[in-house]
>>> print(open('data.txt').read())   # compact mmCIF, C-alpha atoms
# COMPACT_ATOMS: atom_id res chain seq x y z
CA MET W 1 -3.76 35.38 -32.66
CA LYS W 2 -5.67 32.35 -33.90
CA ALA W 3 -9.35 32.70 -34.76
CA THR W 4 -10.14 30.14 -32.07
CA ASP W 5 -8.41 32.34 -29.46
CA PHE W 6 -11.06 35.04 -29.84
CA ASN W 7 -13.13 35.52 -26.69
CA PHE W 8 -16.14 37.76 -27.24
CA GLN W 9 -17.02 38.24 -23.58
CA LYS W 10 -13.53 39.57 -22.81
CA ASP W 11 -14.15 42.74 -24.84
CA LEU W 12 -17.89 43.07 -24.28
CA LYS W 13 -18.57 46.03 -22.00
CA PHE W 14 -21.81 46.73 -20.13
CA ASN W 15 -22.26 50.27 -18.81
CA LEU W 16 -25.19 50.53 -16.41
CA GLU W 17 -24.71 54.30 -15.99
CA THR W 18 -25.19 55.09 -19.69
CA GLY W 19 -27.27 52.11 -20.79
CA ILE W 20 -24.79 51.48 -23.60
CA THR W 21 -23.28 48.06 -24.30
CA THR W 22 -20.23 48.03 -26.54
CA PHE W 23 -17.85 45.72 -28.35
CA HIS W 24 -14.78 47.87 -28.98
CA GLN W 25 -16.12 50.86 -30.98
CA SER W 26 -19.51 49.35 -31.83
CA ARG W 27 -22.65 49.74 -29.78
CA LEU W 28 -24.57 46.49 -29.34
CA VAL W 29 -28.23 45.95 -28.55
CA ILE W 30 -29.63 42.67 -27.27
CA PHE W 31 -33.11 41.55 -28.26
CA ASP W 32 -35.05 38.37 -27.60
CA ALA W 33 -34.92 36.07 -30.65
CA ASN W 34 -38.71 35.68 -30.54
CA ALA W 35 -39.14 39.44 -30.92
CA ILE W 36 -36.86 39.42 -33.98
CA GLY W 37 -38.80 36.45 -35.34
CA LEU W 38 -42.09 38.31 -34.99
CA LEU W 39 -40.62 41.39 -36.67
CA ARG W 40 -39.34 39.20 -39.50
CA GLN W 41 -42.71 37.56 -39.97
CA ASN W 42 -44.51 40.90 -40.01
CA ILE W 43 -42.08 42.21 -42.62
CA ILE W 44 -42.78 39.15 -44.79
CA LYS W 45 -46.53 39.74 -44.47
CA THR W 46 -46.22 43.46 -45.17
CA LEU W 47 -43.66 43.46 -48.00
CA GLY W 48 -44.05 39.99 -49.46
CA TRP W 49 -41.50 37.18 -49.67
CA GLU W 50 -39.11 38.62 -52.26
CA LYS W 51 -38.92 42.12 -50.82
CA ALA W 52 -38.54 40.80 -47.27
CA ARG W 53 -35.71 38.51 -48.39
CA GLU W 54 -34.02 41.47 -50.04
CA GLU W 55 -34.22 43.58 -46.88
CA PHE W 56 -32.84 40.84 -44.64
CA LEU W 57 -30.04 40.08 -47.11
CA ARG W 58 -29.04 43.75 -46.94
CA PHE W 59 -29.35 43.79 -43.15
CA GLY W 60 -27.08 40.75 -42.89
CA PHE W 61 -24.59 42.12 -45.41
CA GLN W 62 -24.18 45.37 -43.48
CA ASN W 63 -23.83 43.46 -40.22
CA GLY W 64 -21.17 41.14 -41.62
CA TYR W 65 -19.22 43.96 -43.26
CA ALA W 66 -19.23 46.05 -40.07
CA ASP W 67 -18.23 43.09 -37.89
CA PHE W 68 -15.30 42.31 -40.19
CA MET W 69 -13.97 45.85 -40.04
CA GLN W 70 -14.24 45.82 -36.24
CA MET W 71 -12.30 42.55 -35.99
CA LYS W 72 -9.67 43.64 -38.50
CA LEU W 73 -8.99 46.88 -36.64
CA ALA W 74 -9.17 45.51 -33.11
CA TYR W 75 -7.11 42.31 -33.36
CA LYS W 76 -3.93 41.07 -34.97
CA PHE W 77 -4.42 37.60 -36.41
CA ASP W 78 -1.65 35.16 -37.28
CA SER W 79 -2.79 34.72 -40.88
CA GLU W 80 -5.38 35.73 -43.45
CA GLU W 81 -7.12 32.43 -42.83
CA ASP W 82 -7.44 33.25 -39.13
CA LEU W 83 -8.85 36.69 -39.89
CA LEU W 84 -11.41 35.15 -42.25
CA SER W 85 -12.23 32.37 -39.79
CA SER W 86 -12.87 34.82 -36.98
CA GLY W 87 -16.19 35.61 -38.71
CA PRO W 88 -17.70 32.19 -38.08
CA VAL W 89 -16.31 32.28 -34.53
CA LEU W 90 -17.87 35.70 -33.87
CA HIS W 91 -21.20 34.67 -35.41
CA THR W 92 -21.27 31.69 -33.05
CA TRP W 93 -20.39 33.84 -30.02
CA GLU W 94 -23.21 36.23 -30.94
CA GLY W 95 -25.74 33.41 -30.52
CA ILE W 96 -26.95 33.70 -34.11
CA VAL W 97 -25.87 30.25 -35.29
CA GLN W 98 -23.23 27.60 -34.65
CA VAL W 99 -20.87 27.75 -37.61
CA VAL W 100 -18.88 24.69 -38.69
CA PRO W 101 -16.60 25.57 -41.63
CA LYS W 102 -15.84 22.62 -43.91
CA GLU W 103 -13.76 23.73 -46.88
CA LEU W 104 -11.77 26.83 -47.74
CA ARG W 105 -9.91 27.47 -50.98
CA MET W 106 -8.49 30.89 -51.70
CA ASP W 107 -5.77 32.29 -53.90
CA ARG W 108 -5.52 36.06 -54.29
CA LYS W 109 -3.29 35.71 -57.37
CA THR W 110 -5.84 33.69 -59.34
CA GLY W 111 -8.92 35.21 -57.69
CA GLU W 112 -10.17 31.82 -56.50
CA PHE W 113 -12.29 31.93 -53.37
CA PHE W 114 -14.57 29.15 -52.16
CA HIS W 115 -15.77 28.68 -48.59
CA THR W 116 -18.40 26.25 -47.40
CA GLY W 117 -19.70 24.78 -44.18
CA ILE W 118 -22.63 23.88 -41.95
CA TRP W 119 -24.89 26.01 -39.81
CA ASN W 120 -26.46 24.40 -36.75
CA ASN W 121 -29.19 25.99 -34.63
CA SER W 122 -29.85 28.91 -36.95
CA TYR W 123 -32.05 31.33 -35.03
CA GLU W 124 -33.48 32.51 -38.35
CA ALA W 125 -34.57 29.05 -39.46
CA ASP W 126 -36.02 28.36 -36.01
CA GLN W 127 -37.98 31.61 -36.01
CA HIS W 128 -39.23 31.04 -39.54
CA LEU W 129 -40.60 27.64 -38.53
CA SER W 130 -42.31 29.20 -35.51
CA PHE W 131 -44.67 30.92 -37.96
CA ASN W 132 -44.50 28.84 -41.13
CA LYS W 133 -44.36 25.28 -42.37
CA PRO W 134 -41.16 24.13 -44.10
CA GLY W 135 -41.06 25.64 -47.56
CA SER W 136 -39.24 24.99 -50.82
CA GLU W 137 -36.60 27.73 -50.45
CA PRO W 138 -33.84 28.52 -47.94
CA VAL W 139 -34.82 31.10 -45.31
CA CYS W 140 -31.60 32.11 -43.52
CA TRP W 141 -31.44 35.41 -45.37
CA SER W 142 -29.63 37.51 -42.80
CA LEU W 143 -27.09 34.71 -42.27
CA VAL W 144 -26.14 34.42 -45.94
CA GLY W 145 -26.14 38.21 -46.09
CA TYR W 146 -23.72 38.28 -43.17
CA ALA W 147 -21.43 35.76 -44.87
CA ALA W 148 -21.49 37.83 -48.06
CA GLY W 149 -20.74 41.08 -46.21
CA TRP W 150 -17.95 39.57 -44.15
CA THR W 151 -16.33 37.93 -47.17
CA THR W 152 -16.74 41.02 -49.34
CA ALA W 153 -14.88 43.09 -46.74
CA PHE W 154 -12.20 40.42 -46.42
CA TRP W 155 -11.72 39.71 -50.13
CA GLY W 156 -12.11 43.27 -51.33
CA SER W 157 -14.66 42.46 -54.03
CA LYS W 158 -18.33 41.51 -54.01
CA SER W 159 -19.08 38.02 -52.70
CA ILE W 160 -22.35 36.14 -52.51
CA GLY W 161 -23.36 33.43 -50.07
CA MET W 162 -26.16 30.95 -50.65
CA GLU W 163 -27.65 27.97 -48.86
CA LEU W 164 -27.74 24.53 -50.44
CA LEU W 165 -29.62 23.05 -47.49
CA CYS W 166 -31.80 24.81 -44.92
CA VAL W 167 -33.66 23.67 -41.83
CA GLY W 168 -36.35 26.15 -42.83
CA LYS W 169 -37.21 23.93 -45.79
CA GLY W 170 -37.02 20.66 -43.90
CA ASP W 171 -33.34 19.76 -44.23
CA PRO W 172 -31.45 18.35 -41.20
CA HIS W 173 -29.10 21.32 -41.10
CA CYS W 174 -28.19 24.41 -43.10
CA GLN W 175 -25.32 24.20 -45.58
CA TRP W 176 -23.76 27.34 -47.06
CA ILE W 177 -21.36 28.35 -49.79
CA VAL W 178 -19.67 31.72 -50.27
CA GLN W 179 -17.76 32.65 -53.41
CA PRO W 180 -17.13 35.68 -55.63
CA GLU W 181 -20.16 37.19 -57.33
CA SER W 182 -18.69 36.26 -60.72
CA ALA W 183 -18.66 32.55 -59.82
CA TRP W 184 -22.46 32.42 -59.57
CA GLY W 185 -24.93 32.14 -62.42
CA PRO W 186 -28.52 33.34 -62.80
CA GLU W 187 -29.51 31.64 -59.53
CA ALA W 188 -27.82 34.51 -57.70
CA ALA W 189 -29.92 37.25 -59.35
CA PRO W 190 -31.93 38.09 -56.17
CA TYR W 191 -28.69 38.41 -54.21
CA ARG W 192 -27.03 40.63 -56.81
CA LYS W 193 -30.08 42.87 -56.72
CA ALA W 194 -30.03 43.06 -52.92
CA TYR W 195 -26.35 43.98 -52.73
CA LYS W 196 -26.10 46.35 -55.70
CA GLU W 197 -26.22 49.42 -53.44
CA PHE W 198 -23.07 48.28 -51.60
CA LYS W 199 -20.00 49.63 -53.36
CA VAL W 200 -16.66 47.88 -52.88
>>> encode(input="data.txt", output="structure tokens")
Amino acid sequence: MKATDFNFQKDLKFNLETGITTFHQSRLVIFDANAIGLLRQNIIKTLGWEKAREEFLRFGFQNGYADFMQMKLAYKFDSEEDLLSSGPVLHTWEGIVQVVPKELRMDRKTGEFFHTGIWNNSYEADQHLSFNKPGSEPVCWSLVGYAAGWTTAFWGSKSIGMELLCVGKGDPHCQWIVQPESAWGPEAAPYRKAYKEFKV
């Protein structure tokens, strides 16, 4: 199966008798993006910027890791690249963001892994701007957390994703990079701290 063959709605089940919506073995809940945005803003106000970022990075990481395991167990992909690429496809299906991968380099023998691309219509950037003016830092915390969690599960060692560009700070689109934790320098310190509780 190619990553582009994946059809989320085919395996999405709504059960009106139990009130449980599932995707294979995972229960899903559907919330209005504005409600999530308000929750996010309240967490920022309550915990402060750094702590809120940490919590949403962790939230995204867990989400990405769990989604990867679900996809790996439920589908047989034609190649490792298709399995990896099913993450961006799933993230797009989920309505979180439109993912446009641009470059992928990976070699398990040498340990090289580099994946980059564009995010369009990030719900997180949109919600941030509903409450705040464009700032000086990227704001798609749960999205980069998701990319890190998904890639960590795929690669088998800790990965970190970061944004180079972000709509939340006034850029025309969001641009992301994911690579092994060891490939990043001191700029990744907040991300290392957020993910330290996740053992791989």
>>> closest_residue(input="data.txt", among="W:Lys51, W:Arg40, W:Arg108, W:Lys2", to="Glu81 in chain W", atoms="only C-alpha atoms")
W:Lys2
>>> residues_around(input="data.txt", residues="Pro190 in chain W", least_positions_apart="2", cutoff="10 Å", atoms="all atoms listed in the file", output="PyMOL selection string")
chain W and resi 50-51+53-54+57+186-188+192-195
>>> closest_residue(input="data.txt", among="W:Leu73, W:Ile36, W:Ala183, W:Val99", to="Phe113 in chain W", atoms="all atoms listed in the file")
W:Ala183
>>> residues_around(input="data.txt", residues="Ile160 in chain W", least_positions_apart="3", cutoff="12 Å", atoms="only C-alpha atoms", output="PyMOL selection string")
chain W and resi 57-58+60-61+113-116+141+143-153+155+157+163+176-185+187-196
>>> atom_distance(input="data.txt", atom1="CA of Cys140 in chain W", atom2="CA of Thr22 in chain W")
25.9 Å
>>> atom_distance(input="data.txt", atom1="CA of Gln9 in chain W", atom2="CA of Phe23 in chain W")
8.9 Å
>>> build_atoms(input="data.txt", residues="range 125-153 of chain W", atoms="N, CA and C atoms", output="mmCIF file, keeping the file's coordinate frame")
data_model
loop_
_atom_site.group_PDB
_atom_site.id
_atom_site.type_symbol
_atom_site.label_atom_id
_atom_site.label_comp_id
_atom_site.auth_asym_id
_atom_site.auth_seq_id
_atom_site.Cartn_x
_atom_site.Cartn_y
_atom_site.Cartn_z
ATOM 1 N N ALA W 125 -33.774 30.211 -39.046
ATOM 2 C CA ALA W 125 -34.570 29.050 -39.460
ATOM 3 C C ALA W 125 -35.571 28.675 -38.378
ATOM 4 N N ASP W 126 -35.118 28.691 -37.126
ATOM 5 C CA ASP W 126 -36.020 28.360 -36.010
ATOM 6 C C ASP W 126 -37.189 29.328 -35.946
ATOM 7 N N GLN W 127 -36.914 30.614 -36.082
ATOM 8 C CA GLN W 127 -37.980 31.610 -36.010
ATOM 9 C C GLN W 127 -38.922 31.501 -37.200
ATOM 10 N N HIS W 128 -38.374 31.217 -38.357
ATOM 11 C CA HIS W 128 -39.230 31.040 -39.540
ATOM 12 C C HIS W 128 -40.223 29.906 -39.316
ATOM 13 N N LEU W 129 -39.738 28.812 -38.747
ATOM 14 C CA LEU W 129 -40.600 27.640 -38.530
ATOM 15 C C LEU W 129 -41.576 27.851 -37.379
ATOM 16 N N SER W 130 -41.336 28.870 -36.565
ATOM 17 C CA SER W 130 -42.310 29.200 -35.510
ATOM 18 C C SER W 130 -43.604 29.742 -36.103
ATOM 19 N N PHE W 131 -43.517 30.287 -37.321
ATOM 20 C CA PHE W 131 -44.670 30.920 -37.960
ATOM 21 C C PHE W 131 -45.099 30.248 -39.257
ATOM 22 N N ASN W 132 -44.235 29.412 -39.812
ATOM 23 C CA ASN W 132 -44.500 28.840 -41.130
ATOM 24 C C ASN W 132 -44.148 27.365 -41.181
ATOM 25 N N LYS W 133 -44.760 26.657 -42.091
ATOM 26 C CA LYS W 133 -44.360 25.280 -42.370
ATOM 27 C C LYS W 133 -43.091 25.301 -43.218
ATOM 28 N N PRO W 134 -42.334 24.175 -43.226
ATOM 29 C CA PRO W 134 -41.160 24.130 -44.100
ATOM 30 C C PRO W 134 -41.554 24.426 -45.541
ATOM 31 N N GLY W 135 -40.756 25.240 -46.194
ATOM 32 C CA GLY W 135 -41.060 25.640 -47.560
ATOM 33 C C GLY W 135 -40.114 24.996 -48.556
ATOM 34 N N SER W 136 -40.073 25.536 -49.740
ATOM 35 C CA SER W 136 -39.240 24.990 -50.820
ATOM 36 C C SER W 136 -37.952 25.775 -51.014
ATOM 37 N N GLU W 137 -37.779 26.885 -50.273
ATOM 38 C CA GLU W 137 -36.600 27.730 -50.450
ATOM 39 C C GLU W 137 -35.885 27.943 -49.115
ATOM 40 N N PRO W 138 -34.572 28.182 -49.161
ATOM 41 C CA PRO W 138 -33.840 28.520 -47.940
ATOM 42 C C PRO W 138 -34.353 29.818 -47.326
ATOM 43 N N VAL W 139 -34.245 29.931 -46.007
ATOM 44 C CA VAL W 139 -34.820 31.100 -45.310
ATOM 45 C C VAL W 139 -33.820 31.861 -44.444
ATOM 46 N N CYS W 140 -32.570 31.434 -44.388
ATOM 47 C CA CYS W 140 -31.600 32.110 -43.520
ATOM 48 C C CYS W 140 -30.991 33.305 -44.250
ATOM 49 N N TRP W 141 -31.834 34.271 -44.545
ATOM 50 C CA TRP W 141 -31.440 35.410 -45.370
ATOM 51 C C TRP W 141 -30.396 36.282 -44.706
ATOM 52 N N SER W 142 -30.602 36.633 -43.450
ATOM 53 C CA SER W 142 -29.630 37.510 -42.800
ATOM 54 C C SER W 142 -28.300 36.793 -42.576
ATOM 55 N N LEU W 143 -28.328 35.473 -42.447
ATOM 56 C CA LEU W 143 -27.090 34.710 -42.270
ATOM 57 C C LEU W 143 -26.261 34.689 -43.546
ATOM 58 N N VAL W 144 -26.906 34.423 -44.688
ATOM 59 C CA VAL W 144 -26.140 34.420 -45.940
ATOM 60 C C VAL W 144 -25.718 35.849 -46.298
ATOM 61 N N GLY W 145 -26.538 36.829 -45.906
ATOM 62 C CA GLY W 145 -26.140 38.210 -46.090
ATOM 63 C C GLY W 145 -24.897 38.542 -45.273
ATOM 64 N N TYR W 146 -24.864 38.070 -44.044
ATOM 65 C CA TYR W 146 -23.720 38.280 -43.170
ATOM 66 C C TYR W 146 -22.459 37.664 -43.779
ATOM 67 N N ALA W 147 -22.583 36.430 -44.254
ATOM 68 C CA ALA W 147 -21.430 35.760 -44.870
ATOM 69 C C ALA W 147 -20.940 36.529 -46.085
ATOM 70 N N ALA W 148 -21.867 37.050 -46.880
ATOM 71 C CA ALA W 148 -21.490 37.830 -48.060
ATOM 72 C C ALA W 148 -20.804 39.134 -47.660
ATOM 73 N N GLY W 149 -21.335 39.820 -46.660
ATOM 74 C CA GLY W 149 -20.740 41.080 -46.210
ATOM 75 C C GLY W 149 -19.367 40.877 -45.616
ATOM 76 N N TRP W 150 -19.238 39.859 -44.778
ATOM 77 C CA TRP W 150 -17.950 39.570 -44.150
ATOM 78 C C TRP W 150 -16.912 39.238 -45.207
ATOM 79 N N THR W 151 -17.272 38.371 -46.143
ATOM 80 C CA THR W 151 -16.330 37.930 -47.170
ATOM 81 C C THR W 151 -16.008 39.041 -48.155
ATOM 82 N N THR W 152 -16.989 39.873 -48.463
ATOM 83 C CA THR W 152 -16.740 41.020 -49.340
ATOM 84 C C THR W 152 -15.706 41.955 -48.717
ATOM 85 N N ALA W 153 -15.847 42.238 -47.437
ATOM 86 C CA ALA W 153 -14.880 43.090 -46.740
ATOM 87 C C ALA W 153 -13.504 42.444 -46.697
#
